[in-house]
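Novice: My structure is in my_file_20.cif, and what it holds is mmCIF, C-alpha atoms and all ligand atoms:
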data_coords
#
loop_
_atom_site.label_atom_id
_atom_site.label_comp_id
_atom_site.auth_asym_id
_atom_site.auth_seq_id
_atom_site.Cartn_x
_atom_site.Cartn_y
_atom_site.Cartn_z
CA MET S 1 17.70 -2.23 -5.99
CA ALA S 2 20.66 -4.22 -4.66
CA GLU S 3 19.59 -7.68 -3.58
CA THR S 4 19.50 -8.21 0.14
CA PHE S 5 19.07 -11.94 0.58
CA VAL S 6 21.27 -13.63 -2.00
CA ARG S 7 23.00 -16.97 -2.41
CA HIS S 8 26.74 -17.46 -2.58
CA ASP S 9 27.70 -21.02 -3.49
CA GLY S 10 24.11 -21.95 -2.81
CA VAL S 11 24.10 -20.60 0.75
CA LEU S 12 21.63 -17.83 1.55
CA HIS S 13 23.22 -14.66 2.89
CA CYS S 14 21.80 -11.52 4.41
CA GLU S 15 23.99 -8.84 2.86
CA ASP S 16 27.50 -10.32 3.36
CA VAL S 17 26.70 -12.62 6.26
CA ALA S 18 25.86 -16.31 5.74
CA ILE S 19 22.62 -17.30 7.47
CA PRO S 20 24.18 -20.50 8.92
CA ASP S 21 26.78 -18.31 10.68
CA ILE S 22 23.98 -16.36 12.33
CA VAL S 23 22.26 -19.57 13.40
CA ALA S 24 25.54 -21.02 14.74
CA ARG S 25 25.71 -18.05 17.06
CA TRP S 26 22.12 -17.39 18.05
CA GLY S 27 20.08 -20.46 17.10
CA THR S 28 16.59 -20.83 15.66
CA PRO S 29 13.95 -19.60 15.26
CA SER S 30 15.44 -16.15 14.65
CA TYR S 31 14.46 -13.08 12.74
CA VAL S 32 17.24 -11.62 10.59
CA TYR S 33 17.06 -8.05 9.30
CA SER S 34 19.17 -6.11 6.82
CA ALA S 35 20.02 -2.55 7.85
CA GLY S 36 21.00 -1.82 4.25
CA ALA S 37 17.59 -2.83 2.94
CA ILE S 38 15.81 -0.71 5.54
CA ARG S 39 17.93 2.31 4.60
CA ARG S 40 17.36 1.78 0.88
CA ARG S 41 13.60 1.61 1.25
CA PHE S 42 13.48 4.73 3.38
CA GLU S 43 15.64 6.61 0.91
CA GLU S 44 13.64 5.38 -2.06
CA LEU S 45 10.47 6.81 -0.59
CA SER S 46 12.04 9.99 0.65
CA GLY S 47 13.83 10.44 -2.70
CA ALA S 48 10.57 10.02 -4.63
CA LEU S 49 9.00 12.83 -2.59
CA GLY S 50 12.00 14.99 -3.45
CA ASP S 51 11.93 18.48 -2.07
CA TYR S 52 8.21 18.47 -1.33
CA PRO S 53 8.16 19.12 2.46
CA HIS S 54 7.50 15.78 4.10
CA LEU S 55 7.90 13.66 7.19
CA ILE S 56 8.15 9.89 6.97
CA ALA S 57 6.73 8.74 10.29
CA TYR S 58 7.64 5.05 10.27
CA SER S 59 4.83 2.93 11.66
CA VAL S 60 6.42 1.32 14.71
CA LYS S 61 3.81 -1.45 14.92
CA ALA S 62 5.34 -3.13 11.85
CA ASN S 63 8.61 -3.76 13.64
CA GLY S 64 9.51 -1.90 16.81
CA ASN S 65 12.93 -3.39 17.42
CA LEU S 66 15.23 -0.68 18.79
CA GLU S 67 17.93 -1.42 16.21
CA VAL S 68 15.37 -0.97 13.44
CA LEU S 69 14.19 2.28 15.00
CA ARG S 70 17.75 3.55 15.50
CA THR S 71 18.60 2.77 11.88
CA LEU S 72 15.62 4.85 10.79
CA ALA S 73 16.20 7.62 13.35
CA GLU S 74 19.67 8.16 11.86
CA LEU S 75 18.06 8.82 8.48
CA GLY S 76 15.73 11.45 9.91
CA ALA S 77 12.62 9.31 10.17
CA GLY S 78 9.81 10.11 12.53
CA ALA S 79 7.42 7.59 14.04
CA ASP S 80 3.75 6.74 13.86
CA ILE S 81 2.86 5.23 17.22
CA VAL S 82 -0.30 3.66 18.62
CA SER S 83 0.52 3.13 22.29
CA GLY S 84 2.53 4.35 25.23
CA GLY S 85 4.81 1.36 24.65
CA GLU S 86 5.59 2.46 21.11
CA LEU S 87 6.17 6.03 22.30
CA TYR S 88 8.64 4.70 24.85
CA ARG S 89 10.50 2.66 22.22
CA ALA S 90 10.58 5.44 19.66
CA ARG S 91 11.99 7.95 22.17
CA LEU S 92 14.50 5.40 23.48
CA ALA S 93 15.75 4.87 19.93
CA GLY S 94 16.34 8.60 19.54
CA ILE S 95 13.37 9.60 17.39
CA PRO S 96 12.67 13.24 18.27
CA ALA S 97 9.24 13.91 19.78
CA ASP S 98 8.47 16.56 17.18
CA ARG S 99 8.60 13.83 14.53
CA ILE S 100 6.06 11.59 16.26
CA VAL S 101 2.38 11.25 15.42
CA PHE S 102 0.09 9.33 17.76
CA SER S 103 -2.59 7.23 16.02
CA GLY S 104 -5.03 4.71 17.46
CA VAL S 105 -8.69 4.45 18.22
CA GLY S 106 -8.43 3.80 21.96
CA LYS S 107 -5.68 5.86 23.54
CA THR S 108 -5.93 5.85 27.33
CA VAL S 109 -5.64 8.96 29.48
CA ASN S 110 -2.17 7.86 30.52
CA GLU S 111 -1.11 7.45 26.91
CA LEU S 112 -2.50 10.85 25.93
CA ALA S 113 -0.65 12.37 28.89
CA ALA S 114 2.61 10.69 27.87
CA GLY S 115 2.28 12.06 24.34
CA LEU S 116 1.51 15.53 25.69
CA SER S 117 4.45 15.69 28.02
CA ALA S 118 6.79 14.32 25.37
CA GLY S 119 5.73 17.18 23.07
CA ILE S 120 4.76 15.10 20.03
CA TYR S 121 4.03 16.61 16.61
CA GLY S 122 0.38 15.60 16.47
CA PHE S 123 -2.37 13.46 17.92
CA ASN S 124 -4.44 11.70 15.29
CA ILE S 125 -7.85 11.97 16.91
CA GLU S 126 -10.32 9.22 16.12
CA SER S 127 -13.47 10.20 18.02
CA GLU S 128 -15.29 13.10 19.64
CA GLY S 129 -14.85 11.50 23.05
CA GLU S 130 -11.09 11.31 22.59
CA LEU S 131 -10.99 14.97 21.55
CA GLU S 132 -12.84 15.99 24.72
CA GLU S 133 -10.61 13.83 26.91
CA LEU S 134 -7.45 15.34 25.40
CA SER S 135 -8.85 18.86 25.86
CA ARG S 136 -9.58 18.17 29.55
CA LEU S 137 -6.16 16.74 30.09
CA ALA S 138 -4.23 19.45 28.25
CA SER S 139 -6.10 22.39 29.75
CA ALA S 140 -5.81 20.96 33.27
CA SER S 141 -2.05 20.91 32.92
CA GLY S 142 -1.78 24.24 31.09
CA MET S 143 -0.64 22.60 27.86
CA VAL S 144 -1.80 22.76 24.27
CA ALA S 145 -2.24 19.56 22.28
CA PRO S 146 -1.66 19.67 18.51
CA VAL S 147 -4.30 17.60 16.72
CA ALA S 148 -5.37 16.23 13.37
CA LEU S 149 -8.73 14.52 12.99
CA ARG S 150 -8.64 11.18 11.23
CA VAL S 151 -11.27 11.27 8.54
CA ASN S 152 -12.62 8.38 6.50
CA PRO S 153 -12.77 9.45 2.90
CA GLY S 154 -15.10 6.55 2.07
CA VAL S 155 -12.63 4.72 -0.14
CA ASP S 156 -12.80 0.96 -0.08
CA ALA S 157 -9.18 0.18 -0.91
CA PRO S 158 -8.63 -3.38 -2.10
CA THR S 159 -6.36 -5.20 0.35
CA PRO S 160 -5.71 -8.95 0.43
CA HIS S 161 -7.58 -9.48 3.67
CA HIS S 162 -10.65 -7.68 5.00
CA TYR S 163 -8.95 -7.31 8.41
CA THR S 164 -6.62 -4.70 6.91
CA ARG S 165 -9.28 -2.57 5.18
CA THR S 166 -10.04 0.62 7.07
CA GLY S 167 -11.03 3.46 4.74
CA HIS S 168 -14.64 2.42 4.22
CA ALA S 169 -17.54 3.92 6.13
CA ALA S 170 -18.41 1.07 8.52
CA THR S 171 -15.18 0.92 10.44
CA LYS S 172 -14.23 1.62 14.02
CA PHE S 173 -11.49 3.94 12.77
CA GLY S 174 -11.69 7.70 12.28
CA ILE S 175 -14.74 9.88 11.70
CA PRO S 176 -16.92 10.19 8.60
CA ILE S 177 -15.54 12.93 6.35
CA SER S 178 -19.00 14.53 6.26
CA ASP S 179 -18.80 15.07 10.02
CA ALA S 180 -15.38 16.73 9.84
CA PRO S 181 -16.47 20.42 9.61
CA ARG S 182 -18.57 20.08 12.77
CA LEU S 183 -15.78 18.35 14.70
CA TYR S 184 -13.10 20.78 13.53
CA ALA S 185 -15.29 23.65 14.72
CA LYS S 186 -15.65 21.89 18.06
CA ALA S 187 -11.90 21.21 18.27
CA ALA S 188 -11.14 24.88 17.62
CA SER S 189 -13.47 25.90 20.42
CA LEU S 190 -12.08 23.55 23.03
CA PRO S 191 -9.45 24.70 25.51
CA GLY S 192 -6.04 23.07 25.27
CA ILE S 193 -6.46 22.02 21.65
CA ARG S 194 -4.66 23.40 18.61
CA VAL S 195 -5.91 22.21 15.24
CA ARG S 196 -2.85 21.48 13.16
CA GLY S 197 -3.59 18.94 10.43
CA VAL S 198 -5.85 16.39 8.80
CA ASP S 199 -5.23 12.66 8.93
CA MET S 200 -6.38 9.60 6.98
CA HIS S 201 -5.35 5.95 6.63
CA ILE S 202 -7.19 3.78 4.15
CA GLY S 203 -5.81 0.32 4.81
CA SER S 204 -2.74 -1.86 4.64
CA GLN S 205 -0.97 -3.75 1.82
CA ILE S 206 -2.49 -1.53 -0.88
CA LEU S 207 -0.90 -2.19 -4.26
CA ALA S 208 -2.59 0.48 -6.40
CA VAL S 209 -2.15 4.25 -6.28
CA GLU S 210 -5.73 5.10 -7.28
CA PRO S 211 -7.27 4.65 -3.81
CA TYR S 212 -4.68 7.10 -2.44
CA GLN S 213 -5.35 9.52 -5.25
CA ASP S 214 -9.07 9.31 -4.67
CA ALA S 215 -8.77 9.74 -0.89
CA VAL S 216 -6.17 12.54 -1.00
CA ALA S 217 -8.29 14.47 -3.51
CA GLN S 218 -11.24 14.31 -1.11
CA VAL S 219 -9.15 15.34 1.87
CA VAL S 220 -7.51 18.26 0.02
CA GLU S 221 -11.03 19.41 -0.85
CA LEU S 222 -11.91 19.18 2.85
CA VAL S 223 -8.83 21.27 3.70
CA HIS S 224 -10.15 24.06 1.41
CA VAL S 225 -13.47 24.00 3.21
CA LEU S 226 -11.86 23.97 6.65
CA ARG S 227 -9.51 26.81 5.77
CA SER S 228 -12.41 28.88 4.51
CA GLN S 229 -13.91 28.36 7.96
CA GLY S 230 -10.79 29.81 9.53
CA HIS S 231 -8.82 26.71 10.53
CA GLN S 232 -5.07 26.91 10.18
CA LEU S 233 -3.92 23.62 8.77
CA GLU S 234 -0.27 22.92 8.21
CA TYR S 235 -0.09 19.23 7.45
CA LEU S 236 -1.81 16.33 5.76
CA ASP S 237 -1.10 12.85 7.10
CA VAL S 238 -2.00 10.29 4.43
CA GLY S 239 -1.35 7.28 6.68
CA GLY S 240 0.48 4.15 5.62
CA GLY S 241 -0.50 1.03 3.75
CA LEU S 242 1.91 1.01 0.81
CA GLY S 243 1.96 -2.59 -0.34
CA ILE S 244 4.91 -4.84 -1.11
CA SER S 245 5.35 -8.05 -3.07
CA TYR S 246 5.49 -11.27 -1.08
CA SER S 247 6.43 -13.34 -4.09
CA GLY S 248 9.57 -11.70 -5.37
CA GLY S 249 8.02 -9.07 -7.66
CA GLU S 250 7.58 -5.36 -7.24
CA GLY S 251 5.05 -3.82 -4.89
CA ILE S 252 3.75 -0.28 -5.11
CA SER S 253 6.43 2.01 -6.49
CA ALA S 254 7.44 5.05 -4.48
CA ARG S 255 7.75 7.00 -7.72
CA ALA S 256 4.22 6.08 -8.88
CA PHE S 257 2.86 6.94 -5.44
CA ALA S 258 4.59 10.33 -5.42
CA ASP S 259 3.48 11.05 -9.00
CA ALA S 260 -0.11 10.24 -8.04
CA ILE S 261 -0.43 12.39 -4.97
CA LEU S 262 2.09 15.24 -5.14
CA PRO S 263 0.22 17.05 -7.96
CA LEU S 264 -2.86 17.13 -5.72
CA LEU S 265 -0.84 18.89 -3.03
CA GLN S 266 0.98 21.46 -5.14
CA GLY S 267 0.22 24.95 -3.89
CA SER S 268 -1.58 23.65 -0.79
CA GLU S 269 1.29 24.50 1.54
CA LEU S 270 0.53 21.34 3.42
CA ARG S 271 3.45 19.36 4.79
CA LEU S 272 2.99 15.75 3.77
CA VAL S 273 3.18 13.16 6.56
CA LEU S 274 3.31 9.44 5.72
CA GLU S 275 3.08 6.44 8.04
CA PRO S 276 4.60 3.53 6.13
CA GLY S 277 5.47 0.37 8.04
CA ARG S 278 5.53 -2.70 5.83
CA TYR S 279 6.97 -0.78 2.86
CA ILE S 280 10.11 0.05 4.87
CA VAL S 281 10.80 -3.22 6.69
CA GLY S 282 8.77 -6.02 5.08
CA GLN S 283 11.34 -7.25 2.59
CA ALA S 284 14.25 -6.42 4.87
CA GLY S 285 13.64 -9.43 7.13
CA VAL S 286 13.38 -13.21 7.12
CA LEU S 287 12.47 -15.77 9.75
CA VAL S 288 15.00 -18.61 10.00
CA THR S 289 13.73 -21.92 11.32
CA ARG S 290 14.99 -25.49 11.57
CA VAL S 291 13.20 -28.58 10.29
CA LEU S 292 12.46 -30.90 13.21
CA TYR S 293 10.60 -33.78 11.62
CA LEU S 294 8.98 -34.98 8.43
CA LYS S 295 5.69 -36.80 8.52
CA GLU S 296 3.06 -38.12 6.15
CA GLY S 297 -0.60 -38.76 6.73
CA GLY S 298 -3.98 -38.52 5.05
CA GLY S 299 -2.36 -37.97 1.69
CA LYS S 300 -0.35 -35.02 2.98
CA ARG S 301 3.29 -34.45 3.69
CA PHE S 302 4.20 -32.27 6.63
CA VAL S 303 7.43 -30.47 7.34
CA ILE S 304 7.45 -29.72 11.06
CA THR S 305 9.61 -26.73 11.99
CA ASP S 306 10.75 -25.16 15.24
CA ALA S 307 8.89 -21.94 14.35
CA GLY S 308 5.14 -21.78 14.68
CA MET S 309 2.21 -19.40 14.54
CA ASN S 310 3.36 -17.78 17.78
CA ASP S 311 6.54 -16.68 15.97
CA LEU S 312 4.93 -15.73 12.64
CA LEU S 313 1.18 -15.25 12.82
CA ARG S 314 0.52 -13.89 9.32
CA PRO S 315 -0.07 -17.20 7.50
CA SER S 316 -2.73 -18.41 9.90
CA HIS S 317 -4.28 -15.05 10.78
CA TYR S 318 -4.47 -13.43 7.34
CA SER S 319 -3.74 -16.36 5.03
CA GLY S 320 -0.51 -14.44 4.43
CA TYR S 321 1.91 -15.89 1.90
CA HIS S 322 5.60 -16.15 2.80
CA ALA S 323 7.98 -17.86 0.40
CA VAL S 324 9.72 -20.87 2.01
CA GLU S 325 13.23 -21.85 0.93
CA PRO S 326 16.03 -24.05 2.22
CA VAL S 327 18.98 -21.96 3.42
CA GLU S 328 21.40 -24.24 1.59
CA ALA S 329 20.40 -24.94 -1.97
CA THR S 330 21.74 -28.16 -3.38
CA ALA S 331 21.47 -29.15 -7.01
CA ASP S 332 18.99 -31.75 -8.31
CA ARG S 333 16.58 -31.82 -5.39
CA GLU S 334 13.08 -32.71 -6.47
CA GLU S 335 10.21 -30.51 -5.38
CA VAL S 336 7.55 -31.93 -3.13
CA ARG S 337 4.22 -30.50 -2.12
CA VAL S 338 4.12 -30.00 1.64
CA ASP S 339 2.47 -28.18 4.50
CA VAL S 340 5.07 -26.40 6.62
CA VAL S 341 3.71 -26.51 10.15
CA GLY S 342 4.82 -25.50 13.63
CA PRO S 343 4.88 -27.27 16.98
CA ILE S 344 1.80 -25.54 18.42
CA CYS S 345 -1.23 -27.55 19.44
CA GLU S 346 -3.62 -25.99 16.92
CA THR S 347 -4.59 -27.09 13.44
CA GLY S 348 -4.29 -23.45 12.43
CA ASP S 349 -0.58 -23.53 13.24
CA PHE S 350 1.04 -23.44 9.83
CA LEU S 351 3.58 -21.33 7.98
CA ALA S 352 2.71 -22.53 4.47
CA LEU S 353 0.04 -24.82 3.01
CA ASP S 354 0.25 -26.98 -0.13
CA ARG S 355 3.57 -25.48 -1.09
CA ASP S 356 6.05 -26.96 -3.57
CA VAL S 357 9.45 -26.81 -1.93
CA PRO S 358 12.69 -28.71 -2.53
CA ARG S 359 12.77 -31.96 -0.54
CA VAL S 360 14.21 -31.11 2.88
CA GLU S 361 15.71 -33.20 5.66
CA PRO S 362 15.35 -32.98 9.44
CA GLY S 363 17.94 -30.62 10.85
CA GLU S 364 17.95 -28.44 7.76
CA LEU S 365 17.45 -24.68 7.92
CA LEU S 366 14.59 -22.93 6.13
CA VAL S 367 13.76 -19.27 5.72
CA LEU S 368 10.39 -17.62 5.47
CA ARG S 369 10.88 -14.55 3.38
CA THR S 370 9.42 -11.08 3.64
CA ALA S 371 8.93 -11.40 7.37
CA GLY S 372 10.39 -8.07 8.47
CA ALA S 373 6.97 -6.46 8.99
CA TYR S 374 4.34 -7.80 11.42
CA GLY S 375 6.57 -10.80 12.15
CA PHE S 376 8.22 -10.40 15.52
CA SER S 377 5.87 -7.55 16.40
CA MET S 378 2.91 -9.96 16.38
CA ALA S 379 4.80 -12.83 18.03
CA SER S 380 3.50 -14.23 21.29
CA THR S 381 4.58 -16.75 23.89
CA TYR S 382 1.59 -19.04 23.26
CA ASN S 383 2.29 -22.62 24.37
CA GLN S 384 4.97 -21.09 26.64
CA ARG S 385 7.40 -20.69 23.80
CA PRO S 386 10.02 -18.00 24.36
CA ARG S 387 9.95 -15.46 21.55
CA PRO S 388 12.71 -15.67 18.90
CA ALA S 389 15.99 -13.80 18.76
CA GLU S 390 16.34 -10.85 16.39
CA VAL S 391 19.59 -10.17 14.54
CA MET S 392 20.59 -7.07 12.59
CA VAL S 393 23.04 -7.37 9.70
CA SER S 394 24.87 -4.48 8.14
CA GLY S 395 27.38 -5.31 5.41
CA GLY S 396 29.59 -8.06 6.84
CA GLU S 397 28.59 -7.40 10.44
CA MET S 398 25.93 -9.14 12.51
CA ARG S 399 24.61 -7.91 15.82
CA LEU S 400 22.14 -9.39 18.25
CA ALA S 401 19.22 -6.96 18.24
CA ARG S 402 17.17 -8.84 20.81
CA ARG S 403 18.20 -11.92 22.71
CA ARG S 404 16.03 -14.98 22.60
CA GLU S 405 13.61 -14.99 25.52
CA THR S 406 14.34 -17.43 28.32
CA LEU S 407 12.06 -19.63 30.39
CA GLU S 408 12.73 -17.23 33.28
CA ASP S 409 11.44 -14.34 31.14
CA LEU S 410 8.21 -16.26 30.67
CA VAL S 411 7.46 -16.41 34.40
CA ALA S 412 9.19 -13.22 35.57
CA GLY S 413 5.99 -11.20 35.90
CA GLU S 414 4.47 -13.90 38.09
CA LEU S 415 7.46 -14.40 40.33
CA ASP S 416 8.50 -10.80 41.14
CA LEU S 417 5.30 -9.89 42.89
N1 LIG R 501 -1.00 4.02 10.06
C1 LIG R 501 -2.09 3.48 10.66
C2 LIG R 501 -3.09 4.36 11.26
C3 LIG R 501 -2.26 2.07 10.65
O1 LIG R 501 -3.33 1.54 11.22
C4 LIG R 501 -1.28 1.24 10.04
C5 LIG R 501 -1.41 -0.21 10.04
C6 LIG R 501 -0.15 1.86 9.45
C7 LIG R 501 -0.05 3.26 9.48
C8 LIG R 501 0.95 1.08 8.79
O2 LIG R 501 0.47 0.31 7.75
P1 LIG R 501 1.49 -0.36 6.71
O3 LIG R 501 2.22 0.75 6.01
O4 LIG R 501 2.44 -1.21 7.48
O5 LIG R 501 0.63 -1.16 5.82
N2 LIG R 501 -0.79 -7.06 10.80
C9 LIG R 501 -1.25 -6.84 9.44
C10 LIG R 501 -1.22 -5.38 9.07
C11 LIG R 501 -2.04 -4.52 9.99
C12 LIG R 501 -1.92 -3.06 9.70
C13 LIG R 501 -2.53 -2.24 10.79
N3 LIG R 501 -2.37 -0.83 10.62
C14 LIG R 501 -0.41 -7.68 8.49
O6 LIG R 501 0.45 -8.43 8.96
O7 LIG R 501 -0.64 -7.67 7.29
#
As structure tokens, what does this structure read like?
Ligand code: LLP
Specialist:
Amino acid sequence: MAETFVRHDGVLHCEDVAIPDIVARWGTPSYVYSAGAIRRRFEELSGALGDYPHLIAYSVKANGNLEVLRTLAELGAGADIVSGGELYRARLAGIPADRIVFSGVGKTVNELAAGLSAGIYGFNIESEGELEELSRLASASGMVAPVALRVNPGVDAPTPHHYTRTGHAATKFGIPISDAPRLYAKAASLPGIRVRGVDMHIGSQILAVEPYQDAVAQVVELVHVLRSQGHQLEYLDVGGGLGISYSGGEGISARAFADAILPLLQGSELRLVLEPGRYIVGQAGVLVTRVLYLKEGGGKRFVITDAGMNDLLRPSHYSGYHAVEPVEATADREEVRVDVVGPICETGDFLALDRDVPRVEPGELLVLRTAGAYGFSMASTYNQRPRPAEVMVSGGEMRLARRRETLEDLVAGELDL
């Protein structure tokens, strides 16, 4: 794979654009994304699935920036959404409704109605109550809602943090696979509902193919049972979760993933739907920040940056690892062990702990790598900090993809009452 973030004369570039040129224009902290990297990842996955009928429904929660969504829409991607807000974004970016699946354990009536009137491909139903609500809504408006039930195959997929494990039995997500025949029968009997597929999602940042193999085998078995009971099933949504490397290596390979699950689907006549988020955008983005101050105390050295946990939550929330590097590499700098911390008034506000990085100076630029997924999308305005700018790079071109928030943005909802 062509390298996305590379150094020329020691200066880090995103594709052909020097990071300091981006900062000169739009400041820090900023997220920088590579359109080329996003395209390559999409094509790698789609290519590995070959001519097996499939839909890659990109998981908008990983990074919902409109430029990111437009880049993917142009390649024929669909979207996996979990809210009315994500539906709105996906449609605005030109993703056709018939390529959208609607996941999520707590969709409101308004959100279900928005999905219905948009004409989405399928609702991933997560509870009996939701199924009944959707039936009421659809039949009252003379519509038919296409549904898949999200089943839990009972696979405990190893993920780095227990917050991102979802396939096991004791989870708020989905329904137990053993309960599926009863609920499919109920779905088929309800007005306004058309059973169309089966859905699963076993977790996030999964680096092995075996949990997928195990889960897909169980779900294909369920499809046989359901078909023998008369249900017409046309697709299998295997969710997302494909893991990436945060330390420069390889994550799960699209080829290995395809080789593991496609044989289980041969002859099933099930269209394969996938909901990858991180796999597509994770490595395609960095967060650029500026060093404000250096400080020592209690035997520790701190590098204080202008980005904090409100800009990139993963280190403090999931103990997520993001490589930290100076944007301009200079020869013969010694490495020092530091905590890279933000300006927020919380001890938990850090970007990296006990990390060996080249000695940096105040005013210098740093990047946090592999921040394209769950970076900006989890950013907040905590401590009344405007959220960062987002910049999209394609070849030698850079484009502002979202302007930095202003102080006026922070109070707008309180002033225009
Ligand atoms: N489909 C469903 C139903 C999901 O719940 C998720 C992620 C995905 C697809 C996409 O998963 P991915 O391919 O990106 O792993 N904020 C956490 C990750 C939370 C994932 C939540 N669900 C993080 O920063 O690691």
Novice: Could you list, as a ChimeraX atom specification, all the residues within 6 Å of ligand LIG 501 (chain R), counting all atoms listed in the file?
Specialist: /S:59,62,103,164,201,204-205,239-242,275-279,314,374
Novice: Could you check which residues have any atom within 10 Å of (-14.0, 11.6, 10.3), counting all atoms listed in the file with coordinates taken straight from the file, and then list them as number ranges by chain?
Specialist: S: 125-128, 149-154, 169, 173-184, 198-200
Novice: Between atom CA of S:Trp26 and atom CA of S:Ile304, what is the distance, to one decimal in Å?
Specialist: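 That distance, rounded to one decimal, is 20.4 Å.
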Novice: Between atom CA of S:Asn65 and atom CA of S:Gly396, what is the distance in Å, rounded to a tenth?
Specialist: 20.3 Å
Novice: Compare S:Ile280, S:Leu264, S:Val219, S:Leu49 by their minimum atom-to-atom distance to S:Leu72, counting only C-alpha atoms, and give me the closest one.
Specialist: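 Result for the nearest residue to S:Leu72: S:Ile280.
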Novice: With only C-alpha atoms as the atoms that count, which of S:Thr159, S:Ser268, S:Gln283, S:Thr289 lies nearest to S:Ala371?
Specialist: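 Residue with the minimum atom-to-atom distance to S:Ala371: S:Gln283.
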Novice: Considering only C-alpha atoms, give me a table of residues in stretch 267-369 of chain S that are at most 10 Å from stretch 230-233 of chain S, with the closest atom pair and distance in Å for each, as a tab-separated table.
Specialist:
residue	atom	partner	partner_atom	distance
S:Ser268	CA	S:Leu233	CA	9.8
S:Glu269	CA	S:Leu233	CA	9.0
S:Leu270	CA	S:Leu233	CA	7.3
S:Arg271	CA	S:Leu233	CA	9.4
Novice: Mind pulling up the distance from atom CA of S:Met309 to atom CA of S:Phe350?
Specialist: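 A separation of 6.3 Å between them.
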Novice: Excluding S:Gly297 and residues on its chain fewer than 6 positions from it, collect all residues at most 12 Å away from it, counting only C-alpha atoms, and give them as a list of chain:residue names.
Specialist: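 Returned residues: S:Val303, S:Val338, S:Asp339.
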Novice: Just want the 12 Å neighbourhood of S:His13, counted on all atoms listed in the file, with same-chain residues fewer than 6 positions away dropped. Output as a list in words.
Specialist: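 My list of contacting residues is Glu3, Thr4, Phe5, Val6, Arg7, Ile19, Pro20, Asp21, Ile22, Val23, Val32, Tyr33, Ser34, Gly285, Val286, Val288, Pro326, Val327, Glu328, Ala329, Val367, Val393, Ser394, Gly395, Gly396, Glu397 and Met398 of chain S.
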Novice: Report as a PyMOL selection string all protein, DNA and RNA residues lying within 9 Å of stretch 185-188 of chain S, evaluated on only C-alpha atoms, omitting residues in the same chain fewer than 5 positions from it.
Specialist: chain S and resi 128+131-132+135+147+180+193-195+226+229+231
Novice: Return the single residue from S:Ile252, S:Leu92, S:Ala79, S:Val281 that is closest to S:Phe42, with distances computed using all atoms listed in the file.
Specialist: S:Val281
Novice: Which one is closest to S:Glu67: S:Ala35, S:Gly248, S:Leu294, S:Arg91? Count only C-alpha atoms.
Specialist: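 Checking each of S:Ala35, S:Gly248, S:Leu294, S:Arg91 against S:Glu67, counting only C-alpha atoms, the winner is S:Ala35.
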Novice: With all atoms listed in the file as the basis for distance, which of S:Arg227, S:His317, S:Arg385, S:Arg136 is at the shortest distance from S:Asp349?
Specialist: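 Among the listed residues, S:His317 lies closest to S:Asp349.
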Novice: Restricting the calculation to only C-alpha atoms: of S:Leu55, S:Thr406, S:Asn383, S:Arg399, which residue gets closest to S:Val68?
Specialist: S:Arg399
